[in-house]
>>> print(open('start_13.cif').read())   # mmCIF, C-alpha atoms
data_entry
loop_
_atom_site.label_atom_id
_atom_site.label_comp_id
_atom_site.auth_asym_id
_atom_site.auth_seq_id
_atom_site.Cartn_x
_atom_site.Cartn_y
_atom_site.Cartn_z
CA MET A 1 -14.09 -18.28 -2.72
CA GLU A 2 -17.40 -18.69 -4.55
CA GLU A 3 -16.97 -19.59 -8.20
CA ARG A 4 -18.66 -17.08 -10.50
CA ILE A 5 -19.29 -17.16 -14.23
CA ARG A 6 -19.85 -14.36 -16.72
CA LEU A 7 -22.84 -14.34 -19.06
CA ARG A 8 -23.28 -12.43 -22.30
CA LEU A 9 -26.86 -11.33 -22.94
CA ASP A 10 -28.06 -10.39 -26.42
CA VAL A 11 -30.95 -7.98 -25.94
CA ALA A 12 -33.58 -6.30 -28.11
CA TYR A 13 -36.05 -3.61 -27.10
CA ASP A 14 -38.54 -1.08 -28.33
CA GLY A 15 -37.28 2.12 -26.75
CA THR A 16 -40.60 3.97 -26.97
CA GLY A 17 -41.61 3.29 -23.39
CA PHE A 18 -38.15 3.54 -21.81
CA SER A 19 -36.17 6.48 -20.44
CA GLY A 20 -33.06 4.98 -22.03
CA TRP A 21 -30.87 2.08 -20.92
CA ALA A 22 -29.32 3.28 -17.67
CA ALA A 23 -31.15 2.74 -14.38
CA GLN A 24 -32.69 5.95 -13.01
CA PRO A 25 -34.78 6.51 -9.88
CA GLU A 26 -38.51 6.72 -10.58
CA ARG A 27 -38.01 6.11 -14.31
CA ARG A 28 -38.65 3.03 -16.43
CA THR A 29 -35.38 2.00 -18.05
CA VAL A 30 -34.16 -1.12 -19.84
CA ALA A 31 -31.50 -1.86 -17.23
CA GLY A 32 -34.01 -1.33 -14.44
CA VAL A 33 -36.57 -3.70 -15.94
CA LEU A 34 -33.94 -6.32 -16.75
CA THR A 35 -32.42 -6.18 -13.26
CA ALA A 36 -35.83 -6.43 -11.57
CA THR A 37 -36.75 -9.47 -13.65
CA LEU A 38 -33.44 -11.21 -12.97
CA ASP A 39 -33.91 -10.54 -9.26
CA LEU A 40 -37.36 -12.10 -9.46
CA VAL A 41 -36.08 -15.24 -11.18
CA LEU A 42 -32.73 -15.72 -9.44
CA GLY A 43 -33.09 -13.87 -6.14
CA ALA A 44 -32.35 -10.23 -5.33
CA GLY A 45 -28.73 -9.29 -5.94
CA THR A 46 -27.74 -12.69 -7.33
CA ALA A 47 -26.84 -11.27 -10.76
CA THR A 48 -24.21 -8.54 -10.42
CA GLY A 49 -22.14 -6.22 -12.59
CA LEU A 50 -24.67 -5.59 -15.37
CA THR A 51 -22.63 -3.78 -18.06
CA VAL A 52 -23.91 -2.73 -21.47
CA ALA A 53 -22.10 -2.24 -24.78
CA GLY A 54 -23.69 1.15 -25.40
CA ARG A 55 -26.10 3.17 -23.27
CA THR A 56 -28.95 4.16 -25.55
CA ASP A 57 -30.89 7.36 -24.93
CA ALA A 58 -34.61 7.62 -24.19
CA GLY A 59 -36.66 6.48 -27.18
CA VAL A 60 -33.79 4.75 -29.01
CA HIS A 61 -34.39 1.10 -29.97
CA ALA A 62 -32.10 -1.93 -30.13
CA SER A 63 -32.18 -5.18 -32.05
CA GLY A 64 -28.53 -6.08 -31.34
CA GLN A 65 -27.66 -4.73 -27.89
CA VAL A 66 -25.14 -6.70 -25.78
CA CYS A 67 -24.53 -6.70 -22.05
CA HIS A 68 -22.81 -8.91 -19.51
CA LEU A 69 -23.35 -9.87 -15.88
CA ASP A 70 -21.87 -12.25 -13.31
CA LEU A 71 -23.61 -15.12 -11.53
CA PRO A 72 -22.59 -17.74 -8.97
CA ALA A 73 -21.67 -20.81 -10.99
CA GLU A 74 -24.07 -23.04 -9.05
CA VAL A 75 -26.97 -20.67 -9.79
CA TRP A 76 -26.16 -20.70 -13.50
CA ARG A 77 -25.96 -24.49 -13.57
CA ALA A 78 -29.33 -24.72 -11.83
CA HIS A 79 -31.07 -22.31 -14.21
CA GLU A 80 -29.09 -22.71 -17.44
CA GLY A 81 -31.63 -24.81 -19.31
CA ALA A 82 -34.70 -22.76 -18.44
CA LEU A 83 -33.54 -19.18 -17.81
CA LEU A 84 -34.14 -17.86 -21.32
CA ARG A 85 -37.74 -19.06 -21.37
CA ARG A 86 -38.40 -17.85 -17.83
CA LEU A 87 -37.18 -14.39 -18.79
CA ALA A 88 -39.41 -14.49 -21.87
CA ARG A 89 -42.44 -15.18 -19.67
CA LEU A 90 -41.68 -12.47 -17.11
CA LEU A 91 -40.19 -9.61 -19.11
CA PRO A 92 -42.58 -7.03 -20.59
CA PRO A 93 -43.19 -7.42 -24.33
CA ASP A 94 -41.07 -4.38 -25.27
CA VAL A 95 -37.79 -6.01 -24.16
CA ARG A 96 -36.43 -9.47 -25.00
CA VAL A 97 -33.30 -11.37 -24.03
CA ARG A 98 -32.57 -13.22 -27.26
CA ALA A 99 -29.57 -15.27 -26.11
CA LEU A 100 -27.60 -16.16 -22.97
CA THR A 101 -24.01 -17.29 -23.50
CA GLU A 102 -21.30 -18.18 -21.00
CA VAL A 103 -18.17 -16.19 -21.85
CA PRO A 104 -14.64 -15.83 -20.42
CA ALA A 105 -14.30 -13.68 -17.32
CA ASP A 106 -12.33 -11.04 -19.23
CA PHE A 107 -15.16 -10.43 -21.71
CA ASP A 108 -16.40 -6.87 -21.24
CA ALA A 109 -19.55 -5.92 -23.16
CA ARG A 110 -18.46 -2.28 -23.27
CA PHE A 111 -14.67 -2.26 -23.52
CA SER A 112 -14.12 -5.48 -25.51
CA ALA A 113 -16.33 -4.21 -28.34
CA THR A 114 -14.65 -3.43 -31.66
CA PHE A 115 -17.60 -1.56 -33.18
CA ARG A 116 -21.20 -0.44 -32.69
CA ARG A 117 -23.53 -0.26 -35.68
CA TYR A 118 -26.71 1.81 -35.80
CA GLU A 119 -29.41 2.29 -38.40
CA TYR A 120 -31.59 5.38 -38.71
CA ARG A 121 -34.85 5.13 -40.69
CA VAL A 122 -36.50 8.06 -42.46
CA THR A 123 -39.44 8.39 -44.82
CA ASP A 124 -39.90 11.34 -47.16
CA ALA A 125 -43.27 10.06 -48.39
CA PRO A 126 -45.74 12.97 -48.57
CA TRP A 127 -48.22 11.08 -46.34
CA GLY A 128 -45.61 10.46 -43.62
CA ALA A 129 -44.71 7.26 -41.79
CA GLU A 130 -46.79 4.10 -42.08
CA PRO A 131 -48.88 3.75 -38.88
CA LEU A 132 -47.37 0.39 -37.94
CA ARG A 133 -43.83 1.78 -38.21
CA ARG A 134 -44.33 5.22 -36.72
CA HIS A 135 -42.32 4.34 -33.59
CA GLU A 136 -39.17 3.49 -35.60
CA VAL A 137 -39.36 5.79 -38.65
CA LEU A 138 -38.90 9.55 -38.80
CA ALA A 139 -41.28 11.35 -41.16
CA TRP A 140 -39.30 14.06 -43.02
CA PRO A 141 -41.39 16.86 -44.53
CA ARG A 142 -39.22 17.44 -47.62
CA PRO A 143 -38.03 15.18 -50.48
CA LEU A 144 -34.60 13.66 -49.83
CA ASP A 145 -31.95 12.90 -52.45
CA PRO A 146 -30.01 9.69 -51.63
CA ALA A 147 -27.04 10.87 -53.72
CA ALA A 148 -26.83 14.08 -51.71
CA LEU A 149 -27.15 12.16 -48.45
CA ASN A 150 -24.27 9.87 -49.43
CA ALA A 151 -22.14 12.80 -50.57
CA ALA A 152 -22.66 14.41 -47.17
CA ALA A 153 -21.89 11.13 -45.42
CA ALA A 154 -18.61 10.56 -47.28
CA GLY A 155 -16.89 13.51 -45.64
CA LEU A 156 -17.65 12.18 -42.16
CA VAL A 157 -16.02 8.76 -42.57
CA GLY A 158 -12.66 8.25 -40.87
CA GLU A 159 -11.05 9.31 -37.62
CA HIS A 160 -12.04 12.82 -36.59
CA ASP A 161 -12.73 14.95 -33.57
CA PHE A 162 -16.53 14.96 -33.54
CA ALA A 163 -16.83 17.70 -30.91
CA ALA A 164 -19.32 19.60 -33.09
CA TYR A 165 -21.63 16.56 -32.96
CA CYS A 166 -21.28 15.49 -29.33
CA ARG A 167 -22.50 16.45 -25.93
CA ARG A 168 -19.12 16.87 -24.31
CA LYS A 169 -18.44 15.17 -20.98
CA GLU A 170 -15.72 16.31 -18.61
CA ASN A 171 -12.42 14.46 -19.10
CA ALA A 172 -13.82 12.50 -22.08
CA THR A 173 -12.47 12.56 -25.62
CA THR A 174 -14.62 13.30 -28.67
CA LEU A 175 -12.15 11.61 -31.03
CA ARG A 176 -13.89 8.76 -32.85
CA GLU A 177 -13.31 6.62 -35.95
CA VAL A 178 -16.37 6.22 -38.18
CA THR A 179 -15.72 3.14 -40.31
CA ARG A 180 -19.01 3.15 -42.20
CA LEU A 181 -21.57 5.82 -42.97
CA ASP A 182 -23.92 5.44 -45.92
CA TRP A 183 -27.55 5.71 -47.00
CA ARG A 184 -29.78 3.37 -48.99
CA ARG A 185 -33.38 3.53 -50.16
CA ASP A 186 -35.14 0.24 -49.45
CA PRO A 187 -37.81 -1.24 -51.74
CA ASP A 188 -40.51 0.07 -49.38
CA GLY A 189 -39.22 3.60 -49.98
CA LEU A 190 -37.60 4.11 -46.59
CA LEU A 191 -34.20 5.80 -46.43
CA VAL A 192 -31.85 4.00 -44.04
CA ALA A 193 -28.57 5.40 -42.76
CA THR A 194 -26.02 2.85 -41.51
CA VAL A 195 -23.49 4.30 -39.09
CA GLN A 196 -20.64 2.24 -37.66
CA ALA A 197 -17.77 3.34 -35.43
CA ASP A 198 -15.47 2.03 -32.76
CA ALA A 199 -17.64 3.97 -30.29
CA PHE A 200 -19.92 7.00 -30.15
CA CYS A 201 -20.21 9.91 -27.79
CA GLN A 202 -23.61 11.04 -26.49
CA ALA A 203 -26.07 12.16 -29.20
CA MET A 204 -23.40 11.76 -31.92
CA VAL A 205 -25.35 9.50 -34.28
CA ARG A 206 -28.52 11.57 -34.15
CA SER A 207 -26.51 14.78 -34.61
CA LEU A 208 -24.78 13.34 -37.68
CA VAL A 209 -28.15 12.30 -39.09
CA GLY A 210 -29.61 15.74 -38.40
CA ALA A 211 -26.77 17.42 -40.31
CA MET A 212 -27.00 15.03 -43.26
CA LEU A 213 -30.77 15.40 -43.60
CA VAL A 214 -30.59 19.15 -44.23
CA ALA A 215 -27.95 18.43 -46.88
CA GLY A 216 -30.13 15.68 -48.33
CA ASP A 217 -33.11 17.98 -48.78
CA GLY A 218 -30.99 20.73 -50.35
CA ARG A 219 -31.04 23.33 -47.59
CA ARG A 220 -27.31 22.93 -46.95
CA PRO A 221 -24.41 22.04 -49.28
CA THR A 222 -23.33 18.40 -49.17
CA GLY A 223 -19.93 19.48 -47.81
CA TRP A 224 -21.43 21.31 -44.84
CA PRO A 225 -21.56 18.39 -42.35
CA ALA A 226 -17.86 17.66 -42.86
CA SER A 227 -16.96 21.35 -42.57
CA LEU A 228 -18.11 21.30 -38.95
CA LEU A 229 -15.35 18.84 -38.02
CA THR A 230 -12.94 21.76 -37.64
CA ARG A 231 -14.88 22.98 -34.60
CA ARG A 232 -13.92 22.06 -31.06
CA GLU A 233 -17.26 22.77 -29.44
CA ARG A 234 -20.75 21.49 -30.10
CA SER A 235 -22.33 23.29 -33.05
CA SER A 236 -25.60 25.09 -32.34
CA GLU A 237 -26.38 24.84 -36.07
CA VAL A 238 -26.88 21.07 -35.88
CA THR A 239 -30.34 19.84 -34.98
CA VAL A 240 -30.33 16.45 -33.26
CA ALA A 241 -32.60 14.02 -35.12
CA PRO A 242 -35.44 12.53 -33.03
CA ALA A 243 -34.61 9.41 -31.03
CA HIS A 244 -37.34 7.13 -32.37
CA GLY A 245 -35.75 6.70 -35.81
CA LEU A 246 -32.57 5.17 -34.34
CA THR A 247 -31.85 1.48 -33.67
CA LEU A 248 -28.68 -0.18 -32.38
CA VAL A 249 -28.42 -3.18 -34.69
CA ALA A 250 -25.05 -4.79 -33.90
CA VAL A 251 -22.04 -4.78 -31.60
CA GLY A 252 -18.83 -6.45 -32.77
CA TYR A 253 -16.22 -8.32 -30.72
CA PRO A 254 -12.91 -10.06 -31.52
CA GLU A 255 -13.43 -13.47 -33.09
CA ASP A 256 -10.80 -15.00 -30.81
CA PRO A 257 -11.88 -14.87 -27.13
CA VAL A 258 -8.20 -14.57 -26.19
CA GLU A 259 -8.38 -11.03 -27.58
CA TYR A 260 -11.16 -9.83 -25.24
CA ALA A 261 -8.81 -8.57 -22.53
CA ARG A 262 -6.35 -6.99 -24.97
CA ARG A 263 -9.16 -5.15 -26.75
CA ALA A 264 -10.58 -3.94 -23.42
CA ASP A 265 -7.19 -2.56 -22.35
CA LEU A 266 -6.74 -0.80 -25.68
CA THR A 267 -10.21 0.76 -25.53
CA ARG A 268 -9.66 2.07 -22.01
CA ARG A 269 -6.43 3.75 -23.08
CA LEU A 270 -8.12 5.35 -26.10
CA ARG A 271 -11.15 6.59 -24.19
CA VAL A 272 -9.39 8.11 -21.17
CA PRO A 273 -7.27 11.16 -22.10
CA SER A 274 -4.01 11.82 -20.36
CA THR A 275 -4.15 14.10 -17.31
CA SER A 276 -0.58 15.29 -17.81
#
>>> encode(input="start_13.cif", output="structure tokens")
Amino acid sequence: MEERIRLRLDVAYDGTGFSGWAAQPERRTVAGVLTATLDLVLGAGTATGLTVAGRTDAGVHASGQVCHLDLPAEVWRAHEGALLRRLARLLPPDVRVRALTEVPADFDARFSATFRRYEYRVTDAPWGAEPLRRHEVLAWPRPLDPAALNAAAAGLVGEHDFAAYCRRKENATTLREVTRLDWRRDPDGLLVATVQADAFCQAMVRSLVGAMLVAGDGRRPTGWPASLLTRRERSSEVTVAPAHGLTLVAVGYPEDPVEYARRADLTRRLRVPSTS
């Protein structure tokens, strides 16, 4: 049997020109571009099993995305020293592979992850977003109060059913544990929300941001976002914040590689509800 090795890829991209991560016919996606470039360098179909930590939606950026793939060991040995630079030459400028690391075969970019961390950037400056940052910063038309934003965020931390904030998928749970959710105002005046959880369901982060922003500008009470957690269906009152303000900045994994498989098994059990 052919020996194969697993590679971890650390990836960054500007999501502006992509229809999200996942490959789609007739659409430009991060996975599609990455796969086509790997095929060009290594030969069509040589790299298999491309799996990502978190599928980002159209327009969402990443500075800390992680994925894995499998290669024949002899191919990896032949290209190991030059593959990163070859990818840098051939990939378009809006996506970069920042690191290639050989990992154990039971590493799973998606299921071995212990957390995903996003940042959402907003400006409430009366002139809007700076031109050079317009693709990563949302311009909000009303003044925002960081204290109110953090008060709204506090009620969303912890393990909850986030059905009101998710696009529900059949046979998928909306139970998630948010381990960090806070806002800061940076020296340049930007407001940055940091959101970290074990995992997120589709549109969850942008829905949370949308709810907090209307509390931050005073149009809703600061307790309103948390009050929606009692609902078991998506709330029509929540406006999903635009994609371009959101960036996936980090994915966490167990420090001990021995724990990769155990974490993956645990995640699969948590994410797949019982059919009984």
>>> atom_distance(input="start_13.cif", atom1="atom CA of A:Gly158", atom2="atom CA of A:Thr247")
21.6 Å
>>> resolve_selection(input="start_13.cif", expression="the PyMOL selection byres ((chain A and resi 206) around 10)", output="mmCIF file with C-alpha atoms, keeping the file's coordinate frame")
data_model
loop_
_atom_site.group_PDB
_atom_site.id
_atom_site.type_symbol
_atom_site.label_atom_id
_atom_site.label_comp_id
_atom_site.auth_asym_id
_atom_site.auth_seq_id
_atom_site.Cartn_x
_atom_site.Cartn_y
_atom_site.Cartn_z
ATOM 1 C CA TYR A 120 -31.590 5.380 -38.710
ATOM 2 C CA TYR A 165 -21.630 16.560 -32.960
ATOM 3 C CA CYS A 166 -21.280 15.490 -29.330
ATOM 4 C CA GLN A 202 -23.610 11.040 -26.490
ATOM 5 C CA ALA A 203 -26.070 12.160 -29.200
ATOM 6 C CA MET A 204 -23.400 11.760 -31.920
ATOM 7 C CA VAL A 205 -25.350 9.500 -34.280
ATOM 8 C CA SER A 207 -26.510 14.780 -34.610
ATOM 9 C CA LEU A 208 -24.780 13.340 -37.680
ATOM 10 C CA VAL A 209 -28.150 12.300 -39.090
ATOM 11 C CA GLY A 210 -29.610 15.740 -38.400
ATOM 12 C CA ALA A 211 -26.770 17.420 -40.310
ATOM 13 C CA MET A 212 -27.000 15.030 -43.260
ATOM 14 C CA VAL A 238 -26.880 21.070 -35.880
ATOM 15 C CA THR A 239 -30.340 19.840 -34.980
ATOM 16 C CA VAL A 240 -30.330 16.450 -33.260
ATOM 17 C CA ALA A 241 -32.600 14.020 -35.120
ATOM 18 C CA PRO A 242 -35.440 12.530 -33.030
ATOM 19 C CA ALA A 243 -34.610 9.410 -31.030
ATOM 20 C CA GLY A 245 -35.750 6.700 -35.810
ATOM 21 C CA LEU A 246 -32.570 5.170 -34.340
#
>>> resolve_selection(input="start_13.cif", expression="the PyMOL selection byres ((chain A and resi 108) around 10)", output="ChimeraX atom specification")
/A:6,8,51-53,66-69,103-107,109-113,253,260-261,263-264
>>> closest_residue(input="start_13.cif", among="A:Arg116, A:Arg96, A:Arg184, A:His135", to="A:Val33", atoms="all atoms listed in the file")
A:Arg96
>>> resolve_selection(input="start_13.cif", expression="the PyMOL selection byres ((chain A and resi 43-47) around 7)", output="list in words")
Leu38, Asp39, Leu40, Val41, Leu42, Thr48, Leu69, Asp70 and Leu71 of chain A
>>> residues_near_point(input="start_13.cif", point="(-39.1, 3.2, -25.6)", cutoff="7 Å", atoms="all atoms listed in the file", output="count of residues only")
10
>>> atom_distance(input="start_13.cif", atom1="atom CA of A:Gly223", atom2="atom CA of A:Ala153")
8.9 Å
>>> residues_around(input="start_13.cif", residues="A:Trp183", least_positions_apart="6", cutoff="6 Å", atoms="all atoms listed in the file", output="list of chain:residue names")
A:Asn150, A:Val192, A:Ala193
